[in-house]
Amino acid sequence: MSVNIDVHTFKNFSGSGKEQKFVSIQQGKPLTRRKIEELLQARCTITRADAEAVFTALADLAKEQLSMGNRFYIPEIGYLSLVANVDLPQNTPMEKVKGNYVSVKNIKFRAEKEFLEKVQSETHFNRSKFTSKSMEYSEEEMKEKVLSTLKTDEFINLRSMEVNFNLSPYMSRKWITHFVETGLLVKKGTNKHPLYYLRKD
């Protein structure tokens, strides 16, 4: 089966004068834990109860190893590792950074080479005919629209980007992420309901 995709374009990305294209994958729902247990039981000699016990033990082992600062290897699949974030009080010099200023930001996954190659060889893509279309903007045009909005509104979010600028959810996330990374916006709110404010340094 093919994976449905759409291709979006950033005009004059990062002021380079060139177009940069991004692929949006229309991902399906993941298998549930119960379904994975059933499929494993059908493919090898373990029972559903065995699979459930392995999942629980594997999660505990991963938590233990990652919390010790070790990478965690999932055989034949890849590696998990920590991504840390530092939140310094204002005007704190780097030499006075303490451990309690640092927290786990995320967990990164890196596929094992052989596993990645197998997935690459078996994956085929199909350009979707029924995807939502976004208005196309250059970086300067989008930046101007964001700044104009933030003159009257305290913050901006993904939904307002979609509605006000006629963007798809994918392109809204792309633009927001880009402006956070380039320092124009700062993320606040919660992970479930993020809000983006104009950075004031």
# chains A, B, ... in the order shown; residues from 1 in each chain; ligands from 1
>>> select_by_dssp(residues="region 118-187 of chain A", states="strand (DSSP E)", output="compact mmCIF listing (two decimals) with all heavy atoms, in the first residue's frame")
# COMPACT_ATOMS: atom_id res chain seq x y z
N HIS A 124 6.24 3.27 -0.21
CA HIS A 124 5.96 3.94 -1.48
C HIS A 124 4.97 5.07 -1.21
O HIS A 124 4.03 4.93 -0.43
CB HIS A 124 5.37 2.95 -2.49
CG HIS A 124 6.24 1.75 -2.70
ND1 HIS A 124 7.36 1.76 -3.50
CD2 HIS A 124 6.16 0.49 -2.17
CE1 HIS A 124 7.93 0.57 -3.48
NE2 HIS A 124 7.22 -0.23 -2.68
N PHE A 125 5.20 6.21 -1.86
CA PHE A 125 4.40 7.40 -1.60
C PHE A 125 3.49 7.73 -2.78
O PHE A 125 3.81 7.48 -3.94
CB PHE A 125 5.31 8.59 -1.30
CG PHE A 125 6.11 8.42 -0.05
CD1 PHE A 125 7.44 8.02 -0.10
CD2 PHE A 125 5.54 8.64 1.19
CE1 PHE A 125 8.18 7.85 1.05
CE2 PHE A 125 6.27 8.48 2.36
CZ PHE A 125 7.60 8.08 2.29
N ASN A 126 2.35 8.32 -2.43
CA ASN A 126 1.37 8.71 -3.43
C ASN A 126 0.88 10.12 -3.12
O ASN A 126 0.41 10.37 -2.01
CB ASN A 126 0.19 7.72 -3.42
CG ASN A 126 -0.87 8.09 -4.43
OD1 ASN A 126 -0.57 8.31 -5.60
ND2 ASN A 126 -2.11 8.17 -3.98
N ARG A 127 0.98 11.02 -4.09
CA ARG A 127 0.51 12.40 -3.90
C ARG A 127 -1.01 12.38 -3.77
O ARG A 127 -1.74 11.93 -4.65
CB ARG A 127 0.92 13.28 -5.08
CG ARG A 127 0.53 14.74 -4.95
CD ARG A 127 1.42 15.45 -3.96
NE ARG A 127 1.07 16.85 -3.83
CZ ARG A 127 1.59 17.83 -4.57
NH1 ARG A 127 2.49 17.54 -5.51
NH2 ARG A 127 1.24 19.08 -4.38
N LEU A 185 9.21 34.48 17.60
CA LEU A 185 8.15 34.14 18.55
C LEU A 185 8.71 33.32 19.71
O LEU A 185 9.74 32.66 19.58
CB LEU A 185 7.05 33.32 17.85
CG LEU A 185 6.34 33.98 16.67
CD1 LEU A 185 5.35 33.01 16.05
CD2 LEU A 185 5.65 35.27 17.09
N VAL A 186 8.00 33.36 20.82
CA VAL A 186 8.33 32.53 21.97
C VAL A 186 7.09 31.75 22.37
O VAL A 186 5.98 32.28 22.37
CB VAL A 186 8.87 33.37 23.15
CG1 VAL A 186 7.85 34.39 23.61
CG2 VAL A 186 9.29 32.48 24.30
N LYS A 187 7.26 30.47 22.68
CA LYS A 187 6.14 29.59 23.01
C LYS A 187 5.83 29.66 24.50
O LYS A 187 6.71 29.55 25.34
CB LYS A 187 6.47 28.15 22.61
CG LYS A 187 5.38 27.14 22.93
CD LYS A 187 5.82 25.75 22.52
CE LYS A 187 4.78 24.70 22.90
NZ LYS A 187 5.20 23.34 22.54
>>> residues_around(residues="Glu38 (chain A)", least_positions_apart="4", cutoff="8 Å", atoms="only C-alpha atoms", output="tab-separated table (two decimals) with N, CA, C and O atoms, in the first residue's frame")
chain	number	residue	atom	x	y	z
A	34	ARG	N	-3.43	-3.70	22.46
A	34	ARG	CA	-4.09	-5.02	22.35
A	34	ARG	C	-3.88	-5.61	20.96
A	34	ARG	O	-3.61	-6.81	20.82
A	42	ALA	N	0.13	-14.09	16.85
A	42	ALA	CA	-0.11	-14.78	15.58
A	42	ALA	C	1.19	-15.03	14.81
A	42	ALA	O	1.27	-15.96	14.01
A	48	ARG	N	-0.49	-13.51	24.24
A	48	ARG	CA	-0.82	-12.12	24.51
A	48	ARG	C	-0.34	-11.71	25.90
A	48	ARG	O	0.17	-10.61	26.10
>>> residues_around(residues="region 53-65 of chain A", least_positions_apart="4", cutoff="10 Å", atoms="only C-alpha atoms", output="VMD selection string")
chain A and resid 33 37 47 to 49 69 to 74 80 to 81
>>> write_last_selection(atoms="N, CA and C atoms", output="PDB file, in the first residue's frame")
ATOM      1  N   ARG A  33      -2.326  -1.220  21.743  1.00  0.00           N
ATOM      2  CA  ARG A  33      -1.521  -2.197  22.480  1.00  0.00           C
ATOM      3  C   ARG A  33      -2.111  -3.595  22.329  1.00  0.00           C
ATOM      4  N   GLU A  37      -0.399  -6.977  20.591  1.00  0.00           N
ATOM      5  CA  GLU A  37      -0.287  -8.255  21.315  1.00  0.00           C
ATOM      6  C   GLU A  37      -0.881  -9.386  20.489  1.00  0.00           C
ATOM      7  N   THR A  47       2.404 -15.690  23.864  1.00  0.00           N
ATOM      8  CA  THR A  47       0.978 -15.422  24.043  1.00  0.00           C
ATOM      9  C   THR A  47       0.758 -13.925  24.246  1.00  0.00           C
ATOM     10  N   ARG A  48      -0.495 -13.513  24.243  1.00  0.00           N
ATOM     11  CA  ARG A  48      -0.818 -12.119  24.512  1.00  0.00           C
ATOM     12  C   ARG A  48      -0.336 -11.713  25.901  1.00  0.00           C
ATOM     13  N   ALA A  49      -0.475 -12.606  26.859  1.00  0.00           N
ATOM     14  CA  ALA A  49      -0.017 -12.318  28.224  1.00  0.00           C
ATOM     15  C   ALA A  49       1.498 -12.142  28.259  1.00  0.00           C
ATOM     16  N   GLY A  69      21.019   8.404  32.103  1.00  0.00           N
ATOM     17  CA  GLY A  69      21.783   9.079  31.057  1.00  0.00           C
ATOM     18  C   GLY A  69      22.282   8.167  29.965  1.00  0.00           C
ATOM     19  N   ASN A  70      21.839   6.911  29.963  1.00  0.00           N
ATOM     20  CA  ASN A  70      22.267   5.960  28.937  1.00  0.00           C
ATOM     21  C   ASN A  70      21.318   5.982  27.747  1.00  0.00           C
ATOM     22  N   ARG A  71      21.854   5.686  26.576  1.00  0.00           N
ATOM     23  CA  ARG A  71      20.974   5.423  25.435  1.00  0.00           C
ATOM     24  C   ARG A  71      20.300   4.072  25.670  1.00  0.00           C
ATOM     25  N   PHE A  72      19.107   3.905  25.115  1.00  0.00           N
ATOM     26  CA  PHE A  72      18.411   2.626  25.278  1.00  0.00           C
ATOM     27  C   PHE A  72      18.187   2.011  23.903  1.00  0.00           C
ATOM     28  N   TYR A  73      18.651   0.774  23.763  1.00  0.00           N
ATOM     29  CA  TYR A  73      18.586   0.076  22.481  1.00  0.00           C
ATOM     30  C   TYR A  73      17.374  -0.841  22.420  1.00  0.00           C
ATOM     31  N   ILE A  74      16.556  -0.674  21.391  1.00  0.00           N
ATOM     32  CA  ILE A  74      15.446  -1.580  21.112  1.00  0.00           C
ATOM     33  C   ILE A  74      15.925  -2.492  19.984  1.00  0.00           C
ATOM     34  N   LEU A  80      16.874   5.008  21.779  1.00  0.00           N
ATOM     35  CA  LEU A  80      16.245   6.144  22.439  1.00  0.00           C
ATOM     36  C   LEU A  80      17.317   6.877  23.239  1.00  0.00           C
ATOM     37  N   SER A  81      17.241   8.207  23.269  1.00  0.00           N
ATOM     38  CA  SER A  81      18.177   8.989  24.069  1.00  0.00           C
ATOM     39  C   SER A  81      17.493  10.268  24.547  1.00  0.00           C
TER      40      SER A  81
END
>>> residues_around(residues="region 154-168 of chain A", least_positions_apart="3", cutoff="12 Å", atoms="only C-alpha atoms", output="mmCIF file with C-alpha atoms, in the first residue's frame")
data_model
loop_
_atom_site.group_PDB
_atom_site.id
_atom_site.type_symbol
_atom_site.label_atom_id
_atom_site.label_comp_id
_atom_site.auth_asym_id
_atom_site.auth_seq_id
_atom_site.Cartn_x
_atom_site.Cartn_y
_atom_site.Cartn_z
ATOM 1 C CA ASP A 6 1.111 16.336 0.116
ATOM 2 C CA VAL A 7 3.963 18.664 -0.827
ATOM 3 C CA HIS A 8 4.081 22.272 0.404
ATOM 4 C CA THR A 9 6.347 25.136 -0.599
ATOM 5 C CA SER A 24 3.334 16.317 4.762
ATOM 6 C CA THR A 131 -5.652 17.458 0.579
ATOM 7 C CA SER A 132 -6.339 20.880 1.966
ATOM 8 C CA LYS A 133 -4.479 23.621 0.121
ATOM 9 C CA SER A 134 -2.663 26.490 1.753
ATOM 10 C CA MET A 135 -2.100 29.989 0.539
ATOM 11 C CA GLU A 136 1.536 30.373 -0.474
ATOM 12 C CA TYR A 137 3.547 33.112 1.212
ATOM 13 C CA GLU A 141 4.941 38.117 3.677
ATOM 14 C CA MET A 142 4.184 35.680 6.482
ATOM 15 C CA LYS A 143 6.362 37.571 8.950
ATOM 16 C CA GLU A 144 4.518 40.788 8.105
ATOM 17 C CA LYS A 145 1.151 39.105 8.677
ATOM 18 C CA VAL A 146 2.247 37.658 12.026
ATOM 19 C CA LEU A 147 3.625 41.004 13.218
ATOM 20 C CA SER A 148 0.474 42.790 12.072
ATOM 21 C CA THR A 149 -1.684 40.332 14.026
ATOM 22 C CA LEU A 150 0.423 40.724 17.163
ATOM 23 C CA LYS A 151 -0.044 44.498 17.095
ATOM 24 C CA MET A 171 1.737 24.707 7.131
ATOM 25 C CA SER A 172 0.570 26.540 10.265
ATOM 26 C CA ARG A 173 2.820 24.285 12.360
ATOM 27 C CA LYS A 174 5.693 24.734 9.911
ATOM 28 C CA TRP A 175 5.520 28.531 10.000
ATOM 29 C CA ILE A 176 5.096 28.681 13.782
ATOM 30 C CA THR A 177 8.054 26.334 14.316
ATOM 31 C CA PHE A 179 9.456 31.667 13.645
ATOM 32 C CA VAL A 180 10.144 30.145 17.074
ATOM 33 C CA LEU A 185 8.152 34.139 18.552
ATOM 34 C CA VAL A 186 8.334 32.528 21.966
ATOM 35 C CA LYS A 187 6.139 29.589 23.011
ATOM 36 C CA LYS A 188 4.082 29.792 26.205
ATOM 37 C CA GLY A 189 0.872 28.188 27.448
ATOM 38 C CA THR A 190 0.712 24.412 27.789
ATOM 39 C CA LYS A 192 -1.827 20.823 24.770
ATOM 40 C CA HIS A 193 -2.771 24.468 24.203
ATOM 41 C CA PRO A 194 0.384 26.339 23.125
ATOM 42 C CA LEU A 195 0.311 30.091 22.645
ATOM 43 C CA TYR A 196 2.942 32.088 20.765
ATOM 44 C CA TYR A 197 4.001 35.600 21.758
ATOM 45 C CA LEU A 198 6.273 38.144 20.110
ATOM 46 C CA ARG A 199 9.721 37.763 21.651
#
>>> atom_distance(atom1="CA of Leu116 (chain A)", atom2="CA of Ile25 (chain A)")
17.1 Å
>>> select_by_dssp(residues="region 5-201 of chain A", states="helix (DSSP H, G or I)", output="MDAnalysis selection string")
chainID A and resid 13:15 33:43 48:67 94:96 99:101 113:122 139:152 158:165 169:181
>>> write_last_selection(atoms="C-alpha atoms", output="mmCIF file, in the first residue's frame")
data_model
loop_
_atom_site.group_PDB
_atom_site.id
_atom_site.type_symbol
_atom_site.label_atom_id
_atom_site.label_comp_id
_atom_site.auth_asym_id
_atom_site.auth_seq_id
_atom_site.Cartn_x
_atom_site.Cartn_y
_atom_site.Cartn_z
ATOM 1 C CA PHE A 13 12.848 30.398 2.781
ATOM 2 C CA SER A 14 15.125 32.067 5.386
ATOM 3 C CA GLY A 15 15.772 34.921 2.970
ATOM 4 C CA ARG A 33 -1.521 -2.197 22.480
ATOM 5 C CA ARG A 34 -4.086 -5.016 22.346
ATOM 6 C CA LYS A 35 -3.814 -5.276 18.554
ATOM 7 C CA ILE A 36 -0.014 -5.476 18.732
ATOM 8 C CA GLU A 37 -0.287 -8.255 21.315
ATOM 9 C CA GLU A 38 -2.680 -10.164 19.038
ATOM 10 C CA LEU A 39 -0.404 -9.755 16.012
ATOM 11 C CA LEU A 40 2.665 -10.876 17.954
ATOM 12 C CA GLN A 41 0.805 -13.955 19.183
ATOM 13 C CA ALA A 42 -0.106 -14.776 15.584
ATOM 14 C CA ARG A 43 3.452 -14.307 14.285
ATOM 15 C CA ARG A 48 -0.818 -12.119 24.512
ATOM 16 C CA ALA A 49 -0.017 -12.318 28.224
ATOM 17 C CA ASP A 50 3.669 -12.837 27.405
ATOM 18 C CA ALA A 51 3.651 -9.819 25.096
ATOM 19 C CA GLU A 52 1.978 -7.635 27.726
ATOM 20 C CA ALA A 53 4.596 -8.641 30.301
ATOM 21 C CA VAL A 54 7.418 -7.880 27.850
ATOM 22 C CA PHE A 55 5.966 -4.417 27.062
ATOM 23 C CA THR A 56 5.769 -3.549 30.756
ATOM 24 C CA ALA A 57 9.282 -4.810 31.485
ATOM 25 C CA LEU A 58 10.716 -3.068 28.412
ATOM 26 C CA ALA A 59 9.154 0.259 29.401
ATOM 27 C CA ASP A 60 10.530 -0.052 32.939
ATOM 28 C CA LEU A 61 13.992 -0.917 31.632
ATOM 29 C CA ALA A 62 13.933 2.010 29.180
ATOM 30 C CA LYS A 63 12.892 4.440 31.923
ATOM 31 C CA GLU A 64 15.650 3.153 34.194
ATOM 32 C CA GLN A 65 18.399 3.384 31.581
ATOM 33 C CA LEU A 66 17.373 6.764 30.197
ATOM 34 C CA SER A 67 17.120 8.278 33.684
ATOM 35 C CA MET A 94 26.911 29.966 32.691
ATOM 36 C CA GLU A 95 29.536 28.960 35.260
ATOM 37 C CA LYS A 96 26.815 28.938 37.916
ATOM 38 C CA GLY A 99 21.614 20.564 37.853
ATOM 39 C CA ASN A 100 18.184 21.727 38.963
ATOM 40 C CA TYR A 101 18.163 24.252 36.109
ATOM 41 C CA LYS A 113 20.620 1.602 9.859
ATOM 42 C CA GLU A 114 19.426 -1.824 8.699
ATOM 43 C CA PHE A 115 15.893 -1.195 10.023
ATOM 44 C CA LEU A 116 15.739 2.208 8.318
ATOM 45 C CA GLU A 117 16.900 0.725 5.025
ATOM 46 C CA LYS A 118 14.216 -1.982 5.180
ATOM 47 C CA VAL A 119 11.487 0.621 5.812
ATOM 48 C CA GLN A 120 12.845 2.813 3.001
ATOM 49 C CA SER A 121 12.804 -0.076 0.516
ATOM 50 C CA GLU A 122 9.230 -1.087 1.370
ATOM 51 C CA GLU A 139 8.875 34.382 4.512
ATOM 52 C CA GLU A 140 8.667 38.189 4.439
ATOM 53 C CA GLU A 141 4.941 38.117 3.677
ATOM 54 C CA MET A 142 4.184 35.680 6.482
ATOM 55 C CA LYS A 143 6.362 37.571 8.950
ATOM 56 C CA GLU A 144 4.518 40.788 8.105
ATOM 57 C CA LYS A 145 1.151 39.105 8.677
ATOM 58 C CA VAL A 146 2.247 37.658 12.026
ATOM 59 C CA LEU A 147 3.625 41.004 13.218
ATOM 60 C CA SER A 148 0.474 42.790 12.072
ATOM 61 C CA THR A 149 -1.684 40.332 14.026
ATOM 62 C CA LEU A 150 0.423 40.724 17.163
ATOM 63 C CA LYS A 151 -0.044 44.498 17.095
ATOM 64 C CA THR A 152 -3.677 43.974 18.072
ATOM 65 C CA LEU A 158 -2.135 27.419 15.247
ATOM 66 C CA ARG A 159 -5.877 27.766 14.820
ATOM 67 C CA SER A 160 -5.726 31.506 14.245
ATOM 68 C CA MET A 161 -2.965 30.955 11.656
ATOM 69 C CA GLU A 162 -5.184 28.484 9.815
ATOM 70 C CA VAL A 163 -8.281 30.694 9.841
ATOM 71 C CA ASN A 164 -6.762 34.135 9.321
ATOM 72 C CA PHE A 165 -4.047 33.215 6.818
ATOM 73 C CA PRO A 169 -2.725 22.673 9.832
ATOM 74 C CA TYR A 170 0.583 21.353 8.516
ATOM 75 C CA MET A 171 1.737 24.707 7.131
ATOM 76 C CA SER A 172 0.570 26.540 10.265
ATOM 77 C CA ARG A 173 2.820 24.285 12.360
ATOM 78 C CA LYS A 174 5.693 24.734 9.911
ATOM 79 C CA TRP A 175 5.520 28.531 10.000
ATOM 80 C CA ILE A 176 5.096 28.681 13.782
ATOM 81 C CA THR A 177 8.054 26.334 14.316
ATOM 82 C CA HIS A 178 10.158 28.358 11.884
ATOM 83 C CA PHE A 179 9.456 31.667 13.645
ATOM 84 C CA VAL A 180 10.144 30.145 17.074
ATOM 85 C CA GLU A 181 13.469 28.749 15.836
#
>>> atom_distance(atom1="CA of Asn106 (chain A)", atom2="CA of Asn85 (chain A)")
8.7 Å
